[in-house]
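Here's model.csv, which has CSV, C-alpha atoms and all ligand atoms:
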```csv
chain,number,residue,atom,x,y,z
A,9,MET,CA,88.7,134.1,69.6
A,10,SER,CA,89.2,137.8,69.7
A,11,ARG,CA,87.8,140.2,67.2
A,12,ALA,CA,91.2,141.2,65.9
A,13,SER,CA,92.3,137.7,65.1
A,14,THR,CA,89.0,136.9,63.4
A,15,GLU,CA,89.7,139.9,61.2
A,16,GLN,CA,93.2,138.6,60.5
A,17,ARG,CA,91.8,135.3,59.3
A,18,ALA,CA,89.2,137.0,57.1
A,19,ARG,CA,91.1,138.6,54.2
A,20,VAL,CA,89.1,140.2,51.3
A,21,ASP,CA,90.8,140.7,47.9
A,22,VAL,CA,88.9,143.0,45.6
A,23,LEU,CA,89.7,142.0,42.0
A,24,ARG,CA,86.8,143.9,40.7
A,25,THR,CA,85.2,146.8,42.5
A,26,ALA,CA,81.7,148.1,41.6
A,27,ASP,CA,83.5,151.0,39.8
A,28,ASP,CA,85.5,148.5,37.7
A,29,ARG,CA,82.5,146.5,36.9
A,30,ARG,CA,80.3,149.3,35.8
A,31,PRO,CA,81.9,150.2,32.5
A,32,ALA,CA,82.3,146.4,31.8
A,33,LEU,CA,78.5,146.2,32.0
A,34,TYR,CA,77.8,149.0,29.5
A,35,GLU,CA,78.7,147.0,26.4
A,36,PRO,CA,76.7,143.8,27.3
A,37,THR,CA,73.8,145.9,28.3
A,38,LEU,CA,73.8,147.7,25.0
A,39,THR,CA,74.1,144.5,23.1
A,40,SER,CA,71.3,142.7,25.0
A,41,LEU,CA,68.9,145.6,24.6
A,42,HIS,CA,69.4,145.3,20.9
A,43,GLY,CA,68.8,141.5,20.8
A,44,GLU,CA,65.9,139.7,19.2
A,45,VAL,CA,64.4,139.5,22.7
A,46,LYS,CA,65.3,142.7,24.7
A,47,GLU,CA,67.2,141.8,27.7
A,48,LEU,CA,69.1,143.2,30.7
A,49,PRO,CA,72.2,141.2,31.7
A,50,SER,CA,71.3,139.4,34.9
A,51,VAL,CA,74.3,140.8,36.8
A,52,TRP,CA,72.1,143.9,37.3
A,53,LEU,CA,70.1,141.8,39.8
A,54,TYR,CA,72.9,141.4,42.2
A,55,ASP,CA,73.7,144.7,43.7
A,56,GLU,CA,73.5,144.9,47.5
A,57,ARG,CA,69.7,145.2,47.6
A,58,GLY,CA,69.3,142.5,45.1
A,59,SER,CA,71.6,140.2,47.1
A,60,ALA,CA,69.5,140.8,50.2
A,61,LEU,CA,66.3,140.1,48.3
A,62,TYR,CA,67.7,136.9,46.9
A,63,ASP,CA,68.6,135.9,50.4
A,64,GLU,CA,64.9,136.4,51.3
A,65,ILE,CA,63.9,134.3,48.2
A,66,THR,CA,65.9,131.4,49.6
A,67,ARG,CA,63.5,131.4,52.6
A,68,LEU,CA,60.3,131.4,50.6
A,69,PRO,CA,58.1,128.3,50.9
A,70,GLU,CA,57.7,128.1,47.1
A,71,TYR,CA,61.4,128.4,46.4
A,72,TYR,CA,62.3,124.7,47.1
A,73,LEU,CA,65.8,124.8,45.6
A,74,PRO,CA,68.0,125.6,48.7
A,75,ARG,CA,66.1,123.2,51.0
A,76,ARG,CA,66.4,120.3,48.5
A,77,GLU,CA,70.1,121.0,48.0
A,78,GLY,CA,70.5,121.2,51.8
A,79,GLU,CA,68.8,117.8,52.1
A,80,ILE,CA,71.3,116.3,49.7
A,81,LEU,CA,74.4,117.9,51.3
A,82,ARG,CA,73.4,116.9,54.8
A,83,VAL,CA,73.4,113.2,53.6
A,84,ARG,CA,76.5,113.4,51.4
A,85,ALA,CA,78.8,116.0,52.9
A,86,ALA,CA,80.8,113.5,54.9
A,87,ALA,CA,81.4,111.4,51.8
A,88,ILE,CA,82.3,114.5,49.8
A,89,ALA,CA,84.9,115.4,52.4
A,90,ARG,CA,86.4,111.9,52.5
A,91,ARG,CA,86.5,111.7,48.7
A,92,THR,CA,88.0,115.1,48.0
A,93,GLN,CA,90.3,115.5,51.0
A,94,ALA,CA,90.0,119.2,50.3
A,95,ARG,CA,92.4,121.6,52.0
A,96,THR,CA,90.7,124.6,50.2
A,97,LEU,CA,87.0,125.1,49.7
A,98,VAL,CA,86.3,127.6,46.9
A,99,GLU,CA,82.8,128.8,46.5
A,100,LEU,CA,81.7,130.5,43.3
A,101,GLY,CA,78.9,133.1,43.6
A,102,ALA,CA,78.9,132.6,47.4
A,103,GLY,CA,76.4,135.2,48.5
A,104,THR,CA,75.4,134.3,52.1
A,105,ALA,CA,74.7,130.7,51.2
A,106,LYS,CA,73.7,128.6,54.2
A,107,ASN,CA,74.4,125.4,52.4
A,108,THR,CA,78.1,126.1,52.3
A,109,ARG,CA,78.2,125.6,56.0
A,110,LEU,CA,77.3,121.9,55.5
A,111,LEU,CA,80.4,121.5,53.4
A,112,LEU,CA,82.5,123.5,55.8
A,113,ASP,CA,81.3,121.4,58.8
A,114,ALA,CA,82.1,118.2,57.0
A,115,LEU,CA,85.6,119.3,55.8
A,116,ASP,CA,86.4,120.8,59.1
A,117,SER,CA,85.4,117.6,61.0
A,118,ALA,CA,87.4,115.5,58.5
A,119,GLY,CA,90.4,117.7,59.5
A,120,THR,CA,91.7,118.5,56.0
A,121,LEU,CA,90.3,122.0,55.6
A,122,GLU,CA,92.7,124.9,55.8
A,123,ARG,CA,91.0,127.7,53.9
A,124,PHE,CA,87.7,128.9,52.5
A,125,VAL,CA,87.7,131.1,49.4
A,126,PRO,CA,84.3,132.6,48.7
A,127,LEU,CA,84.0,134.5,45.4
A,128,ASP,CA,81.2,136.9,44.7
A,129,VAL,CA,80.4,140.1,42.9
A,130,SER,CA,78.7,141.7,45.9
A,131,GLU,CA,81.4,143.1,48.1
A,132,GLN,CA,79.3,143.9,51.1
A,133,THR,CA,77.6,140.5,51.2
A,134,LEU,CA,81.0,138.9,50.9
A,135,ARG,CA,82.6,140.9,53.7
A,136,ALA,CA,79.8,140.0,56.0
A,137,SER,CA,79.9,136.3,55.3
A,138,ALA,CA,83.7,136.2,55.4
A,139,GLN,CA,83.6,137.6,58.9
A,140,ALA,CA,80.9,135.3,60.0
A,141,ILE,CA,82.6,132.2,58.6
A,142,ALA,CA,86.0,133.2,60.1
A,143,GLY,CA,84.3,133.7,63.5
A,144,ALA,CA,82.5,130.3,63.3
A,145,TYR,CA,85.4,128.2,62.1
A,146,PRO,CA,88.5,129.2,64.1
A,147,ARG,CA,90.7,126.6,62.5
A,148,ILE,CA,90.5,127.9,59.0
A,149,SER,CA,91.5,131.1,57.2
A,150,VAL,CA,89.1,132.9,55.0
A,151,HIS,CA,90.3,134.5,51.8
A,152,ALA,CA,87.4,136.1,50.1
A,153,VAL,CA,87.6,137.4,46.5
A,154,VAL,CA,85.4,140.0,45.0
A,155,GLY,CA,85.3,139.0,41.4
A,156,ASP,CA,83.5,137.3,38.6
A,157,PHE,CA,83.2,133.5,38.3
A,158,GLU,CA,83.3,133.6,34.6
A,159,ARG,CA,86.6,135.6,34.4
A,160,ASP,CA,88.5,135.1,37.6
A,161,LEU,CA,88.7,131.3,37.9
A,162,ARG,CA,92.4,131.1,37.3
A,163,ARG,CA,93.3,133.7,39.8
A,164,LEU,CA,92.1,132.1,43.0
A,165,PRO,CA,94.0,131.5,46.2
A,166,GLY,CA,94.8,127.9,47.3
A,167,GLN,CA,96.3,126.8,44.0
A,168,GLY,CA,99.3,124.5,44.4
A,169,GLN,CA,98.4,124.0,48.1
A,170,GLY,CA,96.7,120.6,48.1
A,171,PRO,CA,93.4,119.4,46.9
A,172,ARG,CA,90.7,122.0,46.3
A,173,LEU,CA,87.0,121.6,46.2
A,174,ILE,CA,85.3,124.2,44.0
A,175,ALA,CA,81.6,124.5,44.8
A,176,PHE,CA,79.0,126.2,42.6
A,177,LEU,CA,75.8,125.7,44.5
A,178,GLY,CA,72.1,126.8,44.2
A,179,SER,CA,71.8,126.0,40.5
A,180,THR,CA,73.3,129.4,39.7
A,181,ILE,CA,74.8,127.7,36.6
A,182,GLY,CA,71.2,127.8,35.3
A,183,ASN,CA,71.5,131.6,34.8
A,184,LEU,CA,74.0,131.0,32.0
A,185,TYR,CA,72.9,130.5,28.4
A,186,PRO,CA,73.9,127.1,27.0
A,187,GLU,CA,76.8,128.5,25.1
A,188,GLN,CA,78.1,130.5,28.1
A,189,ARG,CA,77.6,127.5,30.2
A,190,GLY,CA,79.8,125.4,27.9
A,191,SER,CA,82.6,127.9,28.0
A,192,PHE,CA,82.3,128.2,31.7
A,193,LEU,CA,82.6,124.4,32.2
A,194,ARG,CA,85.5,124.3,29.8
A,195,THR,CA,87.4,127.0,31.6
A,196,LEU,CA,86.7,125.3,34.9
A,197,ALA,CA,87.9,121.9,33.6
A,198,GLY,CA,91.1,123.7,32.5
A,199,ALA,CA,91.5,125.4,35.9
A,200,LEU,CA,91.1,122.2,37.9
A,201,GLY,CA,94.2,120.4,39.0
A,202,ARG,CA,94.6,116.7,39.2
A,203,ASP,CA,93.6,116.6,42.9
A,204,ASP,CA,90.8,119.1,42.6
A,205,SER,CA,87.1,118.4,42.4
A,206,PHE,CA,84.0,120.4,41.3
A,207,LEU,CA,80.7,120.2,43.2
A,208,LEU,CA,77.7,121.6,41.3
A,209,GLY,CA,74.1,122.2,42.4
A,210,LEU,CA,71.5,121.7,39.6
A,211,ASP,CA,67.8,122.2,39.6
A,212,LEU,CA,66.0,119.4,37.8
A,213,ILE,CA,63.1,119.5,35.3
A,214,LYS,CA,59.9,118.7,37.1
A,215,ASP,CA,56.2,119.6,37.2
A,216,ILE,CA,55.7,122.9,35.5
A,217,THR,CA,53.3,124.2,38.1
A,218,ARG,CA,56.0,123.9,40.8
A,219,LEU,CA,58.7,125.4,38.6
A,220,GLU,CA,56.5,128.4,37.9
A,221,ALA,CA,55.4,128.8,41.5
A,222,ALA,CA,59.0,129.0,42.6
A,223,TYR,CA,59.4,132.2,40.6
A,224,ASN,CA,55.9,133.6,41.2
A,225,ASP,CA,55.8,133.6,45.0
A,226,SER,CA,52.7,134.8,46.8
A,227,ARG,CA,54.5,137.6,48.7
A,228,GLY,CA,56.0,139.1,45.5
A,229,VAL,CA,59.6,138.9,46.7
A,230,THR,CA,60.8,137.5,43.4
A,231,GLU,CA,59.0,140.3,41.6
A,232,ALA,CA,60.7,142.9,43.8
A,233,PHE,CA,64.1,141.2,43.1
A,234,VAL,CA,63.5,141.3,39.3
A,235,ARG,CA,62.2,144.9,39.4
A,236,ASN,CA,65.3,145.9,41.3
A,237,ALA,CA,67.3,145.4,38.1
A,238,LEU,CA,65.3,148.4,36.6
A,239,THR,CA,66.1,150.4,39.7
A,240,ALA,CA,69.8,149.5,39.4
A,241,VAL,CA,69.9,150.5,35.7
A,242,ASN,CA,68.0,153.8,36.5
A,243,GLY,CA,70.5,154.5,39.2
A,244,GLU,CA,73.7,153.6,37.4
A,245,LEU,CA,72.9,154.6,33.8
A,246,ASP,CA,70.4,157.4,34.5
A,247,ALA,CA,67.8,155.4,32.6
A,248,THR,CA,64.1,156.3,32.7
A,249,PHE,CA,62.6,152.8,33.2
A,250,ASP,CA,59.1,153.4,34.8
A,251,GLN,CA,58.1,150.4,36.9
A,252,ARG,CA,54.4,151.2,36.4
A,253,ARG,CA,54.7,150.6,32.7
A,254,PHE,CA,55.8,147.0,33.2
A,255,VAL,CA,54.3,143.8,34.6
A,256,TYR,CA,56.3,141.0,36.1
A,257,GLU,CA,56.3,137.7,34.3
A,258,ALA,CA,58.1,134.4,34.9
A,259,GLY,CA,57.1,131.4,32.8
A,260,TRP,CA,58.4,128.0,31.6
A,261,ASP,CA,59.9,127.9,28.1
A,262,PRO,CA,59.4,124.3,27.1
A,263,GLU,CA,61.6,124.6,24.0
A,264,HIS,CA,64.7,125.7,25.9
A,265,GLU,CA,63.7,124.1,29.2
A,266,TRP,CA,64.4,127.3,31.2
A,267,MET,CA,62.3,129.7,33.2
A,268,ASP,CA,62.1,132.9,31.3
A,269,ILE,CA,62.1,135.7,33.9
A,270,GLY,CA,61.5,139.4,33.4
A,271,LEU,CA,59.0,142.2,32.7
A,272,ARG,CA,56.5,143.0,30.0
A,273,ALA,CA,55.6,146.4,28.7
A,274,LEU,CA,52.0,147.3,29.4
A,275,GLN,CA,51.9,149.9,26.6
A,276,ALA,CA,54.1,151.1,23.8
A,277,HIS,CA,56.7,153.6,25.2
A,278,THR,CA,60.3,154.7,25.0
A,279,VAL,CA,62.9,154.4,27.7
A,280,SER,CA,66.0,156.6,27.4
A,281,ILE,CA,69.4,155.5,28.7
A,282,PRO,CA,71.6,158.6,28.6
A,283,ARG,CA,74.9,156.8,29.7
A,284,LEU,CA,74.5,154.4,26.8
A,285,GLU,CA,73.4,157.2,24.5
A,286,ILE,CA,70.3,155.2,23.4
A,287,ASP,CA,66.6,155.3,23.4
A,288,VAL,CA,64.9,151.9,23.7
A,289,GLU,CA,61.4,151.6,22.2
A,290,PHE,CA,59.0,149.0,23.7
A,291,ASP,CA,55.9,147.8,21.8
A,292,GLU,CA,52.8,147.0,23.7
A,293,ASP,CA,53.3,143.6,25.3
A,294,GLU,CA,56.9,143.4,24.5
A,295,ALA,CA,59.1,141.4,26.9
A,296,LEU,CA,62.2,142.5,28.7
A,297,ARG,CA,64.0,139.5,29.9
A,298,VAL,CA,66.1,139.9,33.1
A,299,GLU,CA,67.3,136.3,33.6
A,300,ILE,CA,66.8,132.7,32.5
A,301,SER,CA,67.0,129.8,35.0
A,302,SER,CA,67.7,126.6,33.1
A,303,LYS,CA,66.6,123.3,34.5
A,304,PHE,CA,68.5,120.1,33.9
A,305,ARG,CA,68.3,116.4,33.0
A,306,ARG,CA,71.0,114.0,34.2
A,307,GLU,CA,71.9,112.4,30.9
A,308,GLN,CA,72.0,115.6,28.9
A,309,PHE,CA,74.1,117.3,31.6
A,310,GLU,CA,76.6,114.5,31.8
A,311,LEU,CA,77.1,114.6,28.1
A,312,GLU,CA,77.5,118.4,28.2
A,313,ALA,CA,80.0,118.1,31.0
A,314,ALA,CA,82.0,115.4,29.2
A,315,ARG,CA,82.2,117.6,26.1
A,316,ALA,CA,83.7,120.3,28.3
A,317,GLY,CA,86.3,117.9,29.8
A,318,LEU,CA,84.5,117.2,33.1
A,319,ARG,CA,83.8,113.7,34.3
A,320,VAL,CA,80.8,113.4,36.6
A,321,GLU,CA,81.8,110.9,39.3
A,322,SER,CA,78.7,111.1,41.4
A,323,TRP,CA,75.2,112.4,41.0
A,324,TRP,CA,73.0,112.7,44.1
A,325,THR,CA,69.4,113.8,44.3
A,326,ASP,CA,67.0,114.5,47.2
A,327,ARG,CA,64.3,111.9,47.9
A,328,ALA,CA,61.7,113.8,45.8
A,329,GLY,CA,64.1,114.0,42.8
A,330,ASP,CA,63.8,117.8,42.6
A,331,PHE,CA,67.4,118.8,42.7
A,332,ALA,CA,70.8,117.2,42.0
A,333,VAL,CA,74.3,117.7,43.3
A,334,ALA,CA,77.1,116.5,41.0
A,335,LEU,CA,80.7,115.8,41.9
A,336,ALA,CA,83.1,116.0,39.0
A,337,THR,CA,86.8,115.9,38.2
A,338,SER,CA,88.6,117.2,35.1
A,339,ASP,CA,89.8,115.1,32.2
A,340,LEU,CA,92.0,117.9,31.1
A,341,SER,CA,94.3,118.2,34.1
A,342,ALA,CA,97.8,116.9,33.5
A,343,GLY,CA,98.2,113.3,34.5
A,344,GLY,CA,94.5,113.1,35.4
B,401,LIG,C1,70.5,132.4,42.1
B,401,LIG,C2,70.4,131.8,39.9
B,401,LIG,C3,70.0,130.2,41.5
B,401,LIG,O1,67.7,131.0,39.1
B,401,LIG,O2,66.7,130.2,40.8
B,401,LIG,C4,65.7,133.2,42.1
B,401,LIG,C5,68.0,133.4,40.9
B,401,LIG,N1,65.8,134.4,40.3
B,401,LIG,N2,64.5,133.8,41.8
B,401,LIG,C6,67.5,131.0,40.3
B,401,LIG,C7,66.5,133.7,41.1
B,401,LIG,C8,64.5,134.5,40.8
B,401,LIG,C9,68.3,131.9,41.2
B,401,LIG,N3,69.8,131.6,41.2
```
Starting from the file, lay out its structure as structure tokens.
Amino acid sequence: MSRASTEQRARVDVLRTADDRRPALYEPTLTSLHGEVKELPSVWLYDERGSALYDEITRLPEYYLPRREGEILRVRAAAIARRTQARTLVELGAGTAKNTRLLLDALDSAGTLERFVPLDVSEQTLRASAQAIAGAYPRISVHAVVGDFERDLRRLPGQGQGPRLIAFLGSTIGNLYPEQRGSFLRTLAGALGRDDSFLLGLDLIKDITRLEAAYNDSRGVTEAFVRNALTAVNGELDATFDQRRFVYEAGWDPEHEWMDIGLRALQAHTVSIPRLEIDVEFDEDEALRVEISSKFRREQFELEAARAGLRVESWWTDRAGDFAVALATSDLSAGG
């Protein structure tokens, strides 16, 4: 396959450029810095450097999630392909996800797959992976979309062109607060057609030591990933966050059943954010949350999905019971 034809099969639509997204980030950033717990919206984590660091996280020995998910997909991908008959594979928050290839392989071998639609906020990462996939799978076209999985669900290619499988892997859904997660699942249920399916990766509640170790790796890659949010805010908003005044902290919150991930001020001080026209005062020991990573239980999740209009048809775990992959359909789609 020549380079030119690989490029023709890898199209990238930019629904949201970094320039579009930036102003849209100001408001939520302002709001979350004024919340009861100070917080930076987790999208600040995923600039180009952040996406590269996350890719490194997926290879850390402590970060079991992608390997457990891979174990499940290797066993189940053929059945998923047979069941869904997908002609389009949409991947939300695609990144460089290696596990996607397990789905692509199975759907490609089943012979139904025509197109791959990865959606991600990081344009550079998306371009690279769109090229790579187009090169590796000569029979399919790649139609990448730079966008937001919470807002661009109804604008995706492949609609009305046969069964779609929409995949949301890696337990990225855990980054959403329960309320956000509910509205995301409802929007998704509304966007799924009668022949479409939804495949979701979910990290499960387990031994706290292992959960905490996954976000406190010995090489400090996760810390660098989280600190990069401060660097991004300093760069984009001219803020004066000083890394030396914060320590990294990631701990289990047993009440909410999520990992609480962020930084803690070592001493009282003020950070100014000129673009937002605010000064933010930190007390000594005050936390600045950068993301949450919720962990799930089967029964609770199935109820939550049902309330959103999704029916979980299958629930698969790895042998250790660390991670789950759920296959769901919508109760809201006409005739479904
Ligand atoms: C990309 C959301 C799945 O929550 O485990 C990894 C992000 N943060 N290490 C997760 C993350 C710190 C990750 N997700």
Report task. Mind giving me the straight-line distance from atom CA of Arg135 of chain A to atom CA of His151 of chain A in Å, one decimal? Result -> 10.2 Å
Requested in this report: With only C-alpha atoms counted, which protein, DNA or RNA residues have an atom no more than 12 Å from (81.2, 141.8, 52.1) in the file frame? Please answer as a ChimeraX atom specification.
Outcome: /A:18-22,25,55-56,59-60,102-104,126-141,151-155
Report task. Collect all residues with atoms no farther than 7 Å from ligand LIG 401 (chain B), counting all atoms listed in the file, and output them as a list of chain:residue names. Result -> A:Tyr62, A:Ile65, A:Gly178, A:Ser179, A:Thr180, A:Ile181, A:Gly182, A:Asn183, A:Tyr223, A:Thr230, A:Ile300, A:Ser301
Query raised in the report: If you measure from atom CA of Pro262 of chain A to atom CA of Gly317 of chain A, what distance in Å do you get, rounded to one decimal?
Result: 27.8 Å
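When all atoms listed in the file are used to measure the gap to Leu245 of chain A, the shortest distance among A:Ala142, A:Leu284, A:Leu184, A:Ala32 belongs to A:Leu284.
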Query raised in the report: Can you list, as a PyMOL selection string, every protein, DNA or RNA residue that comes within 12 Å of Ala232 of chain A when you count all atoms listed in the file, leaving out same-chain residues fewer than 3 positions away?
Result: chain A and resi 53+57-62+64-65+223-229+235-239+251+255-257+270-271
Query raised in the report: So which one's closest to Thr96 of chain A, A:Ala197, A:Val288, A:Ile148, A:Ala334? Using all atoms listed in the file, please.
Result: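 Nearest to Thr96 of chain A: A:Ile148.
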So which residues touch segment 322-331 of chain A within 6 Å, counting all atoms listed in the file, skipping near sequence neighbours fewer than 6 positions away, as a tab-separated table (two decimals) with C-alpha atoms, in the frame of the given file?
```
chain	number	residue	atom	x	y	z
A	76	ARG	CA	66.40	120.30	48.50
A	80	ILE	CA	71.30	116.30	49.70
A	210	LEU	CA	71.50	121.70	39.60
A	211	ASP	CA	67.80	122.20	39.60
A	212	LEU	CA	66.00	119.40	37.80
```
Query raised in the report: With distances taken over all atoms listed in the file, which of A:Leu219, A:Leu296, A:Ala26, A:Ala87 is nearest to Met267 of chain A?
Result: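 Using all atoms listed in the file, Met267 of chain A sits closest to A:Leu219.
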**Report entry** Residue nearest Glu321 of chain A among A:Val98, A:Leu121, A:Ile281, A:Ile88 (counting all atoms listed in the file)
**Finding:**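 Nearest to Glu321 of chain A: A:Ile88.
With distances restricted to all atoms listed in the file, A:Leu97 is the closest residue to Gln167 of chain A from A:Leu33, A:Leu97, A:Ile216, A:Ala144.
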Query raised in the report: In terms of the shortest atom-to-atom distance over only C-alpha atoms, which of A:Val320, A:Arg90, A:Ser149, A:Ala85 is closest to Glu307 of chain A?
Result: A:Val320
How would segment 122-139 of chain A read, as a compact mmCIF listing (two decimals), keeping the file's coordinate frame, once N, CA, C and O atoms are built in?
```txt
# COMPACT_ATOMS: atom_id res chain seq x y z
N GLU A 122 91.85 123.86 55.36
CA GLU A 122 92.70 124.90 55.80
C GLU A 122 92.17 126.32 55.47
O GLU A 122 92.37 127.28 56.19
N ARG A 123 91.54 126.40 54.31
CA ARG A 123 91.00 127.70 53.90
C ARG A 123 89.74 127.67 53.13
O ARG A 123 89.45 126.70 52.44
N PHE A 124 89.00 128.77 53.27
CA PHE A 124 87.70 128.90 52.50
C PHE A 124 87.89 130.16 51.65
O PHE A 124 88.31 131.23 52.12
N VAL A 125 87.59 129.99 50.39
CA VAL A 125 87.70 131.10 49.40
C VAL A 125 86.39 131.36 48.75
O VAL A 125 86.05 130.75 47.74
N PRO A 126 85.58 132.24 49.34
CA PRO A 126 84.30 132.60 48.70
C PRO A 126 84.55 133.67 47.63
O PRO A 126 85.30 134.63 47.86
N LEU A 127 83.93 133.49 46.48
CA LEU A 127 84.00 134.50 45.40
C LEU A 127 82.64 134.97 45.05
O LEU A 127 81.74 134.19 44.82
N ASP A 128 82.49 136.29 45.06
CA ASP A 128 81.20 136.90 44.70
C ASP A 128 81.36 138.26 44.18
O ASP A 128 82.38 138.89 44.42
N VAL A 129 80.35 138.73 43.43
CA VAL A 129 80.40 140.10 42.90
C VAL A 129 80.01 141.14 43.90
O VAL A 129 80.30 142.32 43.74
N SER A 130 79.28 140.70 44.93
CA SER A 130 78.70 141.70 45.90
C SER A 130 79.65 141.81 47.08
O SER A 130 79.72 140.97 47.96
N GLU A 131 80.39 142.92 47.12
CA GLU A 131 81.40 143.10 48.10
C GLU A 131 80.93 143.11 49.54
O GLU A 131 81.49 142.48 50.44
N GLN A 132 79.80 143.81 49.74
CA GLN A 132 79.30 143.90 51.10
C GLN A 132 78.81 142.62 51.67
O GLN A 132 79.12 142.25 52.80
N THR A 133 78.08 141.87 50.83
CA THR A 133 77.60 140.50 51.20
C THR A 133 78.79 139.64 51.56
O THR A 133 78.80 138.91 52.54
N LEU A 134 79.81 139.72 50.71
CA LEU A 134 81.00 138.90 50.90
C LEU A 134 81.74 139.21 52.15
O LEU A 134 82.16 138.31 52.88
N ARG A 135 81.91 140.48 52.44
CA ARG A 135 82.60 140.90 53.70
C ARG A 135 81.89 140.36 54.90
O ARG A 135 82.50 139.82 55.81
N ALA A 136 80.57 140.50 54.89
CA ALA A 136 79.80 140.00 56.00
C ALA A 136 79.92 138.53 56.21
O ALA A 136 80.14 138.04 57.32
N SER A 137 79.82 137.79 55.10
CA SER A 137 79.90 136.30 55.30
C SER A 137 81.28 135.86 55.57
O SER A 137 81.46 134.91 56.32
N ALA A 138 82.30 136.54 55.04
CA ALA A 138 83.70 136.20 55.40
C ALA A 138 83.95 136.31 56.85
O ALA A 138 84.54 135.44 57.49
N GLN A 139 83.47 137.41 57.41
CA GLN A 139 83.60 137.60 58.90
C GLN A 139 82.89 136.56 59.66
O GLN A 139 83.45 136.02 60.61
```
